[in-house]
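Engineer: Got a structure for you, written out below as C-alpha cells; questions coming shortly.
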Amino acid sequence: MRKQLMSMFLVLCMVFTLLPGTVTGAAILYPVEIDGTFYASLDDAVIDVKEGQTIRLLKDITLVSSFSTGSNDNSFTLDLNGKRLDGGKYYIAIWHTGAGKLTIKDRVGGGLITGTYSSTIYVHGGSLEVTGGTIQNTGSGTDYSTILNKGTGSVTISGGKVQLNTYGSAINNISDGSIFVTGGVVEAKDTSSFSHAIYNQTGMVSVTGGTVSSSKGMAIYQDGKGKIFISGENTLITSGTSGNGTICLVNGNSENTPLKITGGTVENTATGGTAIYASGGKVYIPNGSSVIKSAGKVMNVAPDLSGYTDVQITANKNAADAAGASLIGKEDIDSAEEIQAYKYLKFEAATVSDKVAVNRTTNTEYPNLQAAIDGVAEDGQVIQLLEDINLTAPLTVDADVSNSFTLDLNGKKLNGGDNIVMNYNSTNTLTIIDSAEEGGLITSAFGSTSKGIININSGSIIVASGTVENTGVAIYIDKKGSFTVSGGTVQSTGTSGRAINNSYGSVTVTGGTVQATGTSGYVIYSNYGSIRITDGTLQSASSVPTIYAVYMSELSISKGLVKIPEVHQPLHIIQLQATSG
C-alpha cells in the first residue's frame with residue numbers, strides 16, 4: 001500500500017511540473033512568473049501581463065533573442081528580483097516599443113541587466129523608469145549606449161544605476177524625448193575612452209537628484225537645440241574631463257538651448273578642466289542654491305543672473321572649495337574674462353535676517369537698536385544698521401554707557417515716527433556716519449521746537465556723514481552737551497523749524513551742511529553757550545537770521561560759508577559776553 005501511494009505522488013508531481021500553472025514547484029523549471037503564474041520565457045509573459053502587474057524573474061536568463069514589449073501597451077513592472085538578464089553579444093536585452101510605461105525594479109538587490117551589443121535597452125515607444133537594479137553595457141565598440149531613447153517618450157532614473165563601460169553614452173537621447181534623473185546613478189565609467197553619462201540632441205534633460213558622472217568624458221553633452229534643467233539640494237553632476245566641460249553646450253543658440261541651474265553641484269575634477277562650457281547656448285541661474293566648481297575654471301561664459309535679484313555669491317579664485325572664499329557681486333562675474341578667473345562659485349538667496357543691527361567690532365547681531373547700543377563694551381566699537389528701522393520708543397544712551405562708539409547708518413533710515421529718536425545722556429562721544437555714502441537718514445515727524453529728534457543732555461555727538469532731518473528741531477543741545485558737524489547734513493524742513501537749537505551747550509561746525517529750508521526757520525538758534533564755525537556751509541531760506549544768538553559766551557566764524565537771502569542779516573545777537581572772532 002505504501003509503494004502504491006508513493007507511485008501516485010510521483011506521477012502527480014511529474015504532471016504538475018509540466019503545466020504553466022500556479023504550483024510552487026514549477027519555479028524549478030520556469031524562469032518567469034506573474035502573480036504566481038509561471039512562464040517559460042519573458043516573451044510568453046509579456047503577452048499576458050496586464051496593466052499594473054509585475055513580471056518577476058526567478059532565475060538568471062541569457063537571451064537568445066531580444067526581449068520585446070511588442071504590441072502590449074499596458075504599463076507594467078519588470079522585477080529583476082536579484083537575477084541577471086543578459087543580452088550577450090548579439091541582442092538588445094530589452095526592446096521597449098509598447099505605448100505603456102515599463103518600470104524596472106529590483107526588490108532583492110543585486111539584479112542586473114547587461115549586454116555587449118550596441119545598446120542594452122532600446123526605448124522606441126512609451127516610457128521607461130528605472131527604480132532599482134543595475135543596467136550596464138560592457139561592449140568594446142564605439143558610440144555604444146546603455147539606454148537608447150529614440151522615441152518621443154521619457155526615460156526616468158529614480159533609483160538604481162545606469163552604467164556604461166565603453167565608448168559612447170550611458171543614456172543617449174537622440175530624439176525629442178525627455179530624460180529625468182531624480183535619484184540613483186548615471187555614469188560613464190571607462191577611464192580610457194571619451195564617454196558621456198547623458199548625450200542629448202533636441203530633447204530635454206532634467207536632473208533633480210542623484211548623480212550624473214563621467215570618468216573622462218562629459219557628464220551631460222548637449223549637442224543641438226535641446227534644454228537642460230539642473231536643480232535639487234543633493235544633485236551632483238561631475239566629471240574628470242579636461243576637454244569641453246562637465247556640462248557642454250554646442251550647436252545651439254542662446255534662444256533655444258538653455259541650461260537652467262537652480263540647485264545642485266556641477267564640478268570638474270580634472271586639472272585645467274571646465275565645469276560648464278557653452279559655445280552654443282545660454283546659462284541661466286534665476287534662483288535657488290547651487291555650487292559650480294572646478295580644478296580649472298567654473299565657466300567659459302558669464303551666466304544670466306538678471307532674474308536673481310537677491311542673489312548672494314560666494315567665490316574663490318584659488319581653490320575649488322569654500323575655504324578662503326569671499327562674497328562678490330553680480331558685476332564681478334558679468335563677463336567671460338572675469339568669470340574664468342574663478343574655481344568656486346556658490347549662488348544662493350541673500351539671507352534675510354530678523355536682526356536690525358550688528359556690532360561690527362564683535363560681529364554680534366541684535367534684534368533691536370537699543371540692545372545693540374546697550375551692548376557696547378569698549379571704546380571705538382561700531383554699531384551698523386542692517387535695515388531700515390521704525391522705532392516704537394526713543395533710543396536712550398544713558399550715563400552708565402561709559403564708552404564712545406560709532407553709529408553707522410549704512411544707507412538705511414532710522415525713523416522715530418511721531419516721537420523723539422534719541423536722548424543722549426552719556427558723558428562720552430557718539431559719532432554718526434553713513435558708510436554707504438548716501439541714503440543714511442535719521443528722521444522723525446516729531447515737530448516740537450522745544451526738543452529735538454536728537455537731544456544731547458551731556459557728552460558729545462558728532463555727525464560725520466549721513467543726514468539728520470526734522471520739520472521741527474533736528475538737534476537740541478541742553479545743559480553741558482556738545483554737538484559737532486564735520487560732514488553730512490543737519491537740517492530742518494518745517495516752516496519755523498530749527499536745524500540746531502543750542503541751550504547752554506556748544507556747537508562746532510567744521511564741515512558738512514547745516515540748513516533750514518522753511519520760510520521762518522533758523523539754522524542755529526542759540527541761548528547762552530558757544531558757537532564755533534571753522535568750515536562747512538550754513539544755509540537759510542528764511543526771513544529771519546541764519547544764526548540767532550542770545551547771551552553767547554563765544555561766537556567764532558573763521559572760515560565757514562554762511563549763505564543768506566538778501567532780505568535779512570546773517571546774525572542777530574542780543575548780547576555777546578565774549579567773542580573770539
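Labels used: A, B, ... for chains in the order of the C-alpha cells, numbers from 1 for residues in each chain, and numbers from 1 for ligands as shown.
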If you count only C-alpha atoms, which residues fall within 12 Å of range 356-368 of chain A, apart from same-chain ones fewer than 3 positions away, as a compact mmCIF listing (two decimals) with N, CA, C and O atoms, in the first residue's frame?
Structural biologist:
```
# COMPACT_ATOMS: atom_id res chain seq x y z
N VAL A 352 17.89 86.75 4.57
CA VAL A 352 17.02 87.77 5.15
C VAL A 352 17.03 87.56 6.66
O VAL A 352 16.51 86.58 7.18
N SER A 353 17.66 88.48 7.36
CA SER A 353 17.85 88.31 8.80
C SER A 353 16.74 89.01 9.57
O SER A 353 16.16 89.99 9.12
N ALA A 371 19.20 97.42 22.04
CA ALA A 371 20.01 96.32 22.56
C ALA A 371 21.45 96.41 22.06
O ALA A 371 22.40 96.12 22.79
N ALA A 372 21.61 96.84 20.81
CA ALA A 372 22.96 96.98 20.26
C ALA A 372 23.72 98.09 20.98
O ALA A 372 24.91 97.95 21.29
N ILE A 373 23.04 99.20 21.26
CA ILE A 373 23.68 100.31 21.97
C ILE A 373 24.05 99.89 23.40
O ILE A 373 25.15 100.17 23.88
N ASP A 374 23.15 99.20 24.05
CA ASP A 374 23.41 98.74 25.42
C ASP A 374 24.56 97.74 25.46
O ASP A 374 25.19 97.55 26.51
N GLY A 375 24.82 97.08 24.31
CA GLY A 375 25.86 96.06 24.27
C GLY A 375 27.25 96.59 24.00
O GLY A 375 28.22 95.81 23.96
N VAL A 376 27.40 97.90 23.81
CA VAL A 376 28.73 98.47 23.57
C VAL A 376 29.58 98.28 24.82
O VAL A 376 29.24 98.77 25.90
N ALA A 377 30.71 97.58 24.66
CA ALA A 377 31.51 97.22 25.83
C ALA A 377 32.88 97.88 25.86
O ALA A 377 33.54 97.88 26.89
N GLU A 378 33.30 98.46 24.73
CA GLU A 378 34.62 99.09 24.67
C GLU A 378 34.56 100.33 23.80
O GLU A 378 33.71 100.45 22.90
N ASP A 379 35.49 101.24 24.04
CA ASP A 379 35.61 102.42 23.19
C ASP A 379 35.89 102.02 21.74
O ASP A 379 36.63 101.07 21.48
N GLY A 380 35.26 102.77 20.82
CA GLY A 380 35.58 102.59 19.40
C GLY A 380 34.76 101.55 18.68
O GLY A 380 34.98 101.32 17.48
N GLN A 381 33.83 100.87 19.36
CA GLN A 381 33.03 99.87 18.67
C GLN A 381 32.03 100.54 17.71
O GLN A 381 31.64 101.68 17.90
N VAL A 382 31.64 99.79 16.66
CA VAL A 382 30.78 100.32 15.60
C VAL A 382 29.48 99.54 15.55
O VAL A 382 29.48 98.32 15.38
N ILE A 383 28.36 100.26 15.71
CA ILE A 383 27.04 99.68 15.54
C ILE A 383 26.55 100.05 14.15
O ILE A 383 26.49 101.24 13.79
N GLN A 384 26.18 99.04 13.34
CA GLN A 384 25.75 99.28 11.96
C GLN A 384 24.31 98.81 11.77
O GLN A 384 23.93 97.73 12.22
N LEU A 385 23.52 99.65 11.10
CA LEU A 385 22.15 99.27 10.79
C LEU A 385 22.16 98.25 9.65
O LEU A 385 22.89 98.40 8.68
N LEU A 386 21.33 97.20 9.76
CA LEU A 386 21.20 96.18 8.72
C LEU A 386 19.98 96.41 7.85
O LEU A 386 19.89 95.87 6.76
N GLU A 387 19.04 97.20 8.35
CA GLU A 387 17.85 97.51 7.57
C GLU A 387 17.22 98.78 8.13
O GLU A 387 17.64 99.30 9.16
N ASP A 388 16.23 99.31 7.41
CA ASP A 388 15.51 100.48 7.91
C ASP A 388 14.84 100.12 9.24
O ASP A 388 14.33 99.01 9.42
N ILE A 389 14.86 101.09 10.16
CA ILE A 389 14.29 100.85 11.49
C ILE A 389 13.23 101.90 11.79
O ILE A 389 13.48 103.10 11.68
N ASN A 390 12.05 101.43 12.17
CA ASN A 390 10.98 102.31 12.63
C ASN A 390 10.85 102.10 14.14
O ASN A 390 10.38 101.05 14.59
N LEU A 391 11.27 103.09 14.90
CA LEU A 391 11.29 102.96 16.34
C LEU A 391 9.88 103.00 16.94
O LEU A 391 9.00 103.72 16.44
N THR A 392 9.68 102.24 17.99
CA THR A 392 8.43 102.29 18.74
C THR A 392 8.59 103.08 20.04
O THR A 392 7.60 103.39 20.70
N ALA A 393 9.82 103.38 20.40
CA ALA A 393 10.12 104.19 21.58
C ALA A 393 11.48 104.86 21.36
O ALA A 393 12.32 104.34 20.61
N PRO A 394 11.72 106.04 21.96
CA PRO A 394 13.01 106.72 21.76
C PRO A 394 14.18 105.88 22.25
O PRO A 394 14.08 105.15 23.25
N LEU A 395 15.29 105.98 21.55
CA LEU A 395 16.53 105.37 22.00
C LEU A 395 17.09 106.18 23.15
O LEU A 395 16.96 107.42 23.17
N PHE A 405 31.28 105.36 20.95
CA PHE A 405 31.04 104.41 19.87
C PHE A 405 30.55 105.15 18.63
O PHE A 405 30.25 106.34 18.66
N THR A 406 30.47 104.41 17.52
CA THR A 406 30.02 104.96 16.24
C THR A 406 28.73 104.29 15.82
O THR A 406 28.58 103.07 15.93
N LEU A 407 27.78 105.09 15.33
CA LEU A 407 26.55 104.58 14.75
C LEU A 407 26.64 104.75 13.24
O LEU A 407 26.65 105.87 12.74
N ASP A 408 26.71 103.61 12.51
CA ASP A 408 26.81 103.63 11.05
C ASP A 408 25.43 103.40 10.47
O ASP A 408 24.87 102.31 10.57
N LEU A 409 24.89 104.43 9.80
CA LEU A 409 23.56 104.31 9.20
C LEU A 409 23.54 103.33 8.04
O LEU A 409 22.51 102.74 7.71
N ASN A 410 24.69 103.15 7.37
CA ASN A 410 24.83 102.13 6.32
C ASN A 410 23.78 102.27 5.22
O ASN A 410 23.25 101.28 4.70
N LYS A 412 20.79 103.23 5.51
CA LYS A 412 19.45 102.90 5.99
C LYS A 412 18.79 104.10 6.65
O LYS A 412 19.42 105.11 6.93
N LYS A 413 17.51 103.94 6.94
CA LYS A 413 16.71 105.01 7.55
C LYS A 413 16.35 104.64 8.98
O LYS A 413 15.83 103.56 9.24
N LEU A 414 16.65 105.57 9.91
CA LEU A 414 16.27 105.43 11.31
C LEU A 414 15.15 106.42 11.58
O LEU A 414 15.38 107.63 11.60
```
Engineer: I'd like the contact shell of range 71-84 of chain A - 9 Å cut-off, only C-alpha atoms, skipping same-chain residues fewer than 4 positions apart - returned as a PyMOL selection string.
Structural biologist: chain A and resi 46-62+97-114+126+132-133
Engineer: Any chance you can output those residues with C-alpha atoms as a tab-separated table (two decimals), in the first residue's frame?
Structural biologist:
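Heads up, here's the output in out.tsv:
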```tsv
chain	number	residue	atom	x	y	z
A	46	VAL	CA	4.65	39.85	-21.81
A	47	ILE	CA	1.73	38.55	-23.88
A	48	ASP	CA	-0.32	38.02	-20.71
A	49	VAL	CA	0.83	40.87	-18.47
A	50	LYS	CA	-1.97	43.26	-17.54
A	51	GLU	CA	-2.00	46.92	-16.54
A	52	GLY	CA	-0.12	47.42	-13.26
A	53	GLN	CA	1.11	43.82	-12.96
A	54	THR	CA	4.70	42.69	-12.34
A	55	ILE	CA	6.79	40.21	-14.29
A	56	ARG	CA	9.29	38.70	-11.86
A	57	LEU	CA	12.49	36.90	-12.78
A	58	LEU	CA	13.00	33.63	-10.91
A	59	LYS	CA	16.42	32.77	-12.33
A	60	ASP	CA	19.21	34.24	-14.45
A	61	ILE	CA	18.34	34.48	-18.13
A	62	THR	CA	20.70	34.60	-21.11
A	97	THR	CA	8.14	49.51	-28.24
A	98	GLY	CA	4.84	49.43	-26.39
A	99	ALA	CA	2.92	52.61	-25.64
A	100	GLY	CA	2.83	51.99	-21.89
A	101	LYS	CA	5.37	52.56	-19.16
A	102	LEU	CA	7.94	49.90	-18.38
A	103	THR	CA	9.26	50.10	-14.80
A	104	ILE	CA	12.39	48.19	-13.84
A	105	LYS	CA	12.91	47.43	-10.16
A	106	ASP	CA	14.92	45.03	-8.03
A	107	ARG	CA	13.22	44.13	-4.77
A	108	VAL	CA	16.03	41.85	-3.58
A	109	GLY	CA	19.19	43.68	-4.66
A	110	GLY	CA	22.00	42.64	-6.98
A	111	GLY	CA	19.72	42.50	-10.01
A	112	LEU	CA	21.46	43.19	-13.34
A	113	ILE	CA	20.56	43.83	-16.98
A	114	THR	CA	23.68	43.62	-19.12
A	126	GLY	CA	6.07	54.70	-24.32
A	132	GLY	CA	16.42	49.73	-8.86
A	133	GLY	CA	19.00	47.27	-10.07
```
Engineer: Using only C-alpha atoms, tabulate the residues of range 299-375 of chain A lying at most 10 Å from any atom of range 256-264 of chain A, each with its closest atom pair and that distance in Å to one decimal, by chain and increasing residue number, as a tab-separated table.
Structural biologist:
```
residue	atom	partner	partner_atom	distance
A:Pro303	CA	A:Leu259	CA	9.6
A:Asp304	CA	A:Lys260	CA	9.5
A:Lys346	CA	A:Gly263	CA	9.9
A:Phe347	CA	A:Gly263	CA	8.7
A:Glu348	CA	A:Gly263	CA	8.9
```
Engineer: Would you write out those residues with C-alpha atoms, as a compact mmCIF listing (two decimals), in the first residue's frame?
Structural biologist:
```txt
# COMPACT_ATOMS: atom_id res chain seq x y z
CA PRO A 303 25.72 83.30 -16.57
CA ASP A 304 22.50 85.26 -16.86
CA LYS A 346 28.13 79.31 -4.82
CA PHE A 347 24.85 81.01 -5.71
CA GLU A 348 22.14 81.34 -3.08
```
Engineer: Would you compute the distance between CA of Glu438 in chain A and CA of Lys451 in chain A? Give it in Å to one decimal.
Structural biologist: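 Going from CA of Glu438 in chain A over to CA of Lys451 in chain A, I get 26.7 Å.
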Engineer: May I have the residues within 10 Å of Ile500 in chain A as a list in words, using only C-alpha atoms and disregarding those fewer than 2 positions away in the same chain?
Structural biologist: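 Residues near the query, excluding close chain neighbours: Gly452, Ile454, Gly472, Val473, Ala474, Ile475, Tyr476, Ile477, Phe483, Val490, Gln491, Ser492, Gly497, Arg498, Asn502, Ser503, Val507, Val514, Gln515, Ala516, Tyr522, Val523, Ile524, Tyr525, Ser526 and Ile547 of chain A.
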Engineer: May I have the residues from that selection written out with N, CA and C atoms, as a PDB file, in the first residue's frame?
Structural biologist:
```pdb
ATOM      1  N   GLY A 452      14.434 118.334  20.340  1.00  0.00           N
ATOM      2  CA  GLY A 452      14.798 117.857  19.022  1.00  0.00           C
ATOM      3  C   GLY A 452      14.525 116.374  18.862  1.00  0.00           C
ATOM      4  N   ILE A 454      16.997 114.452  18.167  1.00  0.00           N
ATOM      5  CA  ILE A 454      18.146 114.002  18.953  1.00  0.00           C
ATOM      6  C   ILE A 454      18.411 115.055  20.012  1.00  0.00           C
ATOM      7  N   GLY A 472      10.706 120.090  12.794  1.00  0.00           N
ATOM      8  CA  GLY A 472      10.888 120.991  13.929  1.00  0.00           C
ATOM      9  C   GLY A 472      12.369 121.189  14.197  1.00  0.00           C
ATOM     10  N   VAL A 473      12.828 120.703  15.366  1.00  0.00           N
ATOM     11  CA  VAL A 473      14.237 120.806  15.731  1.00  0.00           C
ATOM     12  C   VAL A 473      14.916 119.482  15.429  1.00  0.00           C
ATOM     13  N   ALA A 474      16.025 119.551  14.692  1.00  0.00           N
ATOM     14  CA  ALA A 474      16.776 118.339  14.399  1.00  0.00           C
ATOM     15  C   ALA A 474      17.642 117.961  15.598  1.00  0.00           C
ATOM     16  N   ILE A 475      18.491 118.892  16.059  1.00  0.00           N
ATOM     17  CA  ILE A 475      19.399 118.651  17.181  1.00  0.00           C
ATOM     18  C   ILE A 475      19.099 119.658  18.294  1.00  0.00           C
ATOM     19  N   TYR A 476      18.879 119.147  19.492  1.00  0.00           N
ATOM     20  CA  TYR A 476      18.678 120.016  20.648  1.00  0.00           C
ATOM     21  C   TYR A 476      19.797 119.745  21.649  1.00  0.00           C
ATOM     22  N   ILE A 477      20.527 120.829  22.033  1.00  0.00           N
ATOM     23  CA  ILE A 477      21.648 120.704  22.964  1.00  0.00           C
ATOM     24  C   ILE A 477      21.253 121.371  24.273  1.00  0.00           C
ATOM     25  N   PHE A 483      27.873 119.444  20.404  1.00  0.00           N
ATOM     26  CA  PHE A 483      27.486 118.913  19.110  1.00  0.00           C
ATOM     27  C   PHE A 483      28.410 119.447  18.031  1.00  0.00           C
ATOM     28  N   VAL A 490      22.681 118.392   8.466  1.00  0.00           N
ATOM     29  CA  VAL A 490      21.727 118.549   9.558  1.00  0.00           C
ATOM     30  C   VAL A 490      20.753 119.618   9.108  1.00  0.00           C
ATOM     31  N   GLN A 491      19.464 119.268   9.070  1.00  0.00           N
ATOM     32  CA  GLN A 491      18.533 120.242   8.507  1.00  0.00           C
ATOM     33  C   GLN A 491      17.156 120.164   9.140  1.00  0.00           C
ATOM     34  N   SER A 492      16.489 121.354   9.077  1.00  0.00           N
ATOM     35  CA  SER A 492      15.096 121.472   9.458  1.00  0.00           C
ATOM     36  C   SER A 492      14.315 121.881   8.222  1.00  0.00           C
ATOM     37  N   GLY A 497      11.095 125.710  11.747  1.00  0.00           N
ATOM     38  CA  GLY A 497      11.991 124.735  12.336  1.00  0.00           C
ATOM     39  C   GLY A 497      13.361 125.292  12.663  1.00  0.00           C
ATOM     40  N   ARG A 498      14.131 124.526  13.395  1.00  0.00           N
ATOM     41  CA  ARG A 498      15.495 124.892  13.762  1.00  0.00           C
ATOM     42  C   ARG A 498      16.396 123.669  13.542  1.00  0.00           C
ATOM     43  N   ASN A 502      20.502 125.349  20.470  1.00  0.00           N
ATOM     44  CA  ASN A 502      21.539 125.203  21.493  1.00  0.00           C
ATOM     45  C   ASN A 502      21.135 125.954  22.760  1.00  0.00           C
ATOM     46  N   SER A 503      21.095 125.231  23.878  1.00  0.00           N
ATOM     47  CA  SER A 503      20.755 125.850  25.149  1.00  0.00           C
ATOM     48  C   SER A 503      21.842 125.508  26.168  1.00  0.00           C
ATOM     49  N   VAL A 507      28.240 124.362  20.043  1.00  0.00           N
ATOM     50  CA  VAL A 507      28.050 123.936  18.656  1.00  0.00           C
ATOM     51  C   VAL A 507      29.330 124.212  17.897  1.00  0.00           C
ATOM     52  N   VAL A 514      24.645 122.687   7.353  1.00  0.00           N
ATOM     53  CA  VAL A 514      23.579 122.900   8.327  1.00  0.00           C
ATOM     54  C   VAL A 514      22.615 123.885   7.692  1.00  0.00           C
ATOM     55  N   GLN A 515      21.352 123.485   7.558  1.00  0.00           N
ATOM     56  CA  GLN A 515      20.441 124.363   6.826  1.00  0.00           C
ATOM     57  C   GLN A 515      19.020 124.282   7.356  1.00  0.00           C
ATOM     58  N   ALA A 516      18.298 125.388   7.099  1.00  0.00           N
ATOM     59  CA  ALA A 516      16.872 125.476   7.401  1.00  0.00           C
ATOM     60  C   ALA A 516      16.173 125.885   6.121  1.00  0.00           C
ATOM     61  N   TYR A 522      15.355 128.695  11.466  1.00  0.00           N
ATOM     62  CA  TYR A 522      16.691 129.097  11.882  1.00  0.00           C
ATOM     63  C   TYR A 522      17.669 127.944  11.588  1.00  0.00           C
ATOM     64  N   VAL A 523      18.878 128.303  11.158  1.00  0.00           N
ATOM     65  CA  VAL A 523      19.934 127.312  11.021  1.00  0.00           C
ATOM     66  C   VAL A 523      20.459 126.958  12.404  1.00  0.00           C
ATOM     67  N   ILE A 524      20.870 127.977  13.175  1.00  0.00           N
ATOM     68  CA  ILE A 524      21.288 127.772  14.557  1.00  0.00           C
ATOM     69  C   ILE A 524      20.558 128.780  15.440  1.00  0.00           C
ATOM     70  N   TYR A 525      19.851 128.287  16.420  1.00  0.00           N
ATOM     71  CA  TYR A 525      19.206 129.139  17.412  1.00  0.00           C
ATOM     72  C   TYR A 525      19.884 128.820  18.735  1.00  0.00           C
ATOM     73  N   SER A 526      20.579 129.826  19.296  1.00  0.00           N
ATOM     74  CA  SER A 526      21.399 129.560  20.473  1.00  0.00           C
ATOM     75  C   SER A 526      21.053 130.495  21.611  1.00  0.00           C
ATOM     76  N   ILE A 547      21.773 132.721  12.006  1.00  0.00           N
ATOM     77  CA  ILE A 547      22.200 132.403  13.371  1.00  0.00           C
ATOM     78  C   ILE A 547      21.530 133.398  14.307  1.00  0.00           C
TER      79      ILE A 547
END
```
Engineer: Got a sec: who's within 12 Å of Gly226 in chain A, counting only C-alpha atoms, leaving out chain neighbours fewer than 2 positions off, as a PyMOL selection string?
Structural biologist: chain A and resi 173-179+199-206+220-224+228-229+248-260+280-282
Engineer: Applying 7 Å and only C-alpha atoms, which residues near Ser530 in chain A remain after dropping the ones on its own chain fewer than 5 positions away? List them as a list in words.
Structural biologist: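 Once the adjacent positions are removed, what remains is Gly505, Ser506, Val507, Met552, Ser553, Glu554 and Leu555 of chain A.
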Engineer: Enter the distance from CA of Ile432 in chain A to CA of Val468 in chain A, in Å, rounded to one decimal.
Structural biologist: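 Value for the CA of Ile432 in chain A-CA of Val468 in chain A distance: 9.5 Å.
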Engineer: Quick check for you: according to DSSP on this backbone, which residues of range 1-228 of chain A are classed as strand (DSSP E)? Reply as JSON, numbers by chain.
Structural biologist: {"A": [32, 33, 34, 37, 38, 39, 54, 55, 56, 57, 61, 62, 67, 68, 76, 77, 78, 79, 84, 85, 86, 94, 95, 96, 101, 102, 103, 104, 105, 112, 113, 114, 119, 120, 121, 122, 123, 127, 128, 129, 130, 134, 135, 136, 137, 144, 145, 146, 147, 148, 149, 154, 155, 156, 157, 161, 162, 163, 164, 168, 169, 170, 171, 172, 173, 178, 179, 180, 181, 185, 186, 187, 188, 196, 197, 198, 199, 200, 204, 205, 206, 207, 211, 212, 213, 214, 220, 221, 222, 223, 227, 228]}
Engineer: Return the single residue from A:Thr182, A:Ser326, A:Ser402, A:Ser65 that is closest to Leu85 in chain A, with distances computed using only C-alpha atoms.
Structural biologist: A:Ser65
Engineer: So which one's closest to Gly411 in chain A, A:Asn457, A:Thr208, A:Ser290, A:Thr467? Using only C-alpha atoms, please.
Structural biologist: A:Thr467
Engineer: Return as a list in words the full set of residues in range 327-372 of chain A whose backbone-based DSSP assignment is helix (DSSP H, G or I).
Structural biologist: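 The residues of range 327-372 of chain A classed as helix (DSSP H, G or I) are Lys330, Glu331, Asp332, Ile333, Ala336, Glu337, Glu338, Ile339, Leu369, Gln370, Ala371 and Ala372 of chain A.
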Engineer: So that I can see what lies close to Asp143 in chain A, please list as a PyMOL selection string the residues with an atom at most 10 Å from it, counting only C-alpha atoms and leaving out residues fewer than 2 positions away in the same chain.
Structural biologist: chain A and resi 118-119+140-141+145+166-169+172+195
Engineer: Could you turn the residues from that selection into a file that holds N, CA and C atoms, as a short mmCIF file (atom, residue, chain, number, x, y, z; two decimals), in the first residue's frame?
Structural biologist:
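Saved as selection.cif:
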```cif
data_model
loop_
_atom_site.label_atom_id
_atom_site.label_comp_id
_atom_site.auth_asym_id
_atom_site.auth_seq_id
_atom_site.Cartn_x
_atom_site.Cartn_y
_atom_site.Cartn_z
N SER A 118 25.27 47.02 -29.11
CA SER A 118 25.36 48.48 -29.20
C SER A 118 24.47 49.21 -28.20
N SER A 119 23.36 48.58 -27.80
CA SER A 119 22.50 49.14 -26.76
C SER A 119 22.02 48.01 -25.87
N SER A 140 32.72 46.58 -26.50
CA SER A 140 34.03 47.14 -26.83
C SER A 140 33.98 47.97 -28.11
N GLY A 141 32.78 48.34 -28.53
CA GLY A 141 32.66 49.12 -29.77
C GLY A 141 32.69 50.61 -29.51
N SER A 145 25.61 52.59 -26.20
CA SER A 145 24.79 53.21 -25.16
C SER A 145 24.18 52.14 -24.29
N THR A 166 32.12 51.47 -21.80
CA THR A 166 32.79 51.54 -23.10
C THR A 166 32.63 52.94 -23.68
N TYR A 167 32.97 53.11 -24.94
CA TYR A 167 32.88 54.41 -25.59
C TYR A 167 31.44 54.68 -26.01
N GLY A 168 30.91 55.85 -25.66
CA GLY A 168 29.55 56.21 -26.04
C GLY A 168 28.85 56.98 -24.95
N SER A 169 27.59 56.60 -24.64
CA SER A 169 26.79 57.34 -23.66
C SER A 169 25.99 56.37 -22.82
N ASN A 172 21.53 57.80 -24.14
CA ASN A 172 21.63 58.51 -25.41
C ASN A 172 20.23 58.94 -25.82
N SER A 195 33.74 59.11 -22.94
CA SER A 195 32.34 58.71 -22.89
C SER A 195 31.52 59.66 -22.04
#
```
Engineer: What is the distance between CA of Lys330 in chain A and CA of Thr309 in chain A, in Å to one decimal?
Structural biologist: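 These two atoms are separated by 9.7 Å.
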